[in-house]
Amino acid sequence: LNPNFIYSDEDGRILRIEITIEQMKILLAVIYAPNTNQKEFYYKLHNKIIETELVNVCIVGDYNAVSNIEKDYKTTKNNKKKRKMLPITFDKLAQEMNLKDAWRELNIPTDLAIT
């Protein structure tokens with residue numbers, strides 16, 4: 001993999017590492033999103049990814065939110081807790097970087113398909 005450390009933010013919420021697999025450079029971003037100020041966090045993440053100029057990007061970690069409340073949160077409880085949705089800044093990042101939910105892409109979609 002030949003990892004190359006690129007960046008870690010002062011809050012310890014973003015770690016960027018460049019790895020190489022079969023001569024393909026990939027940016028691995030490991031995140032721990034805050035529960036508050038997510039709009040700013042994902043805006044910062046977006047900018048930090050763009051700085052690398054790498055086109056192959058993989059973001060892993062704790063997003064502390066869901067992208068689709070219907071697909072990402074199931075419960076049998078009558079008193080469902082409100083779940084936080086990912087902010088628009090994440091949607092812009094995902095669209096611009098052509099990010100995909102790897103779990104959903106590799107598994108047959110069902111009503112129980114939760115990532």
# chains A, B, ... in the order shown; residues from 1 in each chain; ligands from 1

$ residues_around --residues "segment 96-102 of chain A" --least-positions-apart "2" --cutoff "12 Å" --atoms "only C-alpha atoms" --output "PyMOL selection string"
chain A and resi 27+45-47+49-50+53-60+66-68+72+89-94+104-109+113-115

$ atom_distance --atom1 "atom CA of Gly12 of chain A" --atom2 "atom CA of Trp103 of chain A"
25.5 Å

$ atom_distance --atom1 "atom CA of Gln38 of chain A" --atom2 "atom CA of Ile26 of chain A"
24.6 Å

$ atom_distance --atom1 "atom CA of Ala65 of chain A" --atom2 "atom CA of Phe5 of chain A"
26.6 Å

$ select_by_dssp --residues "chain A" --states "alpha helix (DSSP H)" --output "count of residues only"
33

$ select_by_dssp --residues "chain A" --states "strand (DSSP E)" --output "list in words"
Asn4, Phe5, Ile6, Tyr7, Ser8, Ile14, Leu15, Arg16, Ile17, Glu18, Ile19, Thr20, Ile21, Met24, Lys25, Ile26, Leu27, Leu28, Ala29, Val30, Ile31, Tyr32, Val57, Cys58, Ile59, Val60, Gly61 and Asp62 of chain A

$ residues_around --residues "Asn35 of chain A" --least-positions-apart "2" --cutoff "9 Å" --atoms "only C-alpha atoms" --output "PyMOL selection string"
chain A and resi 33+37-38+63-65+84
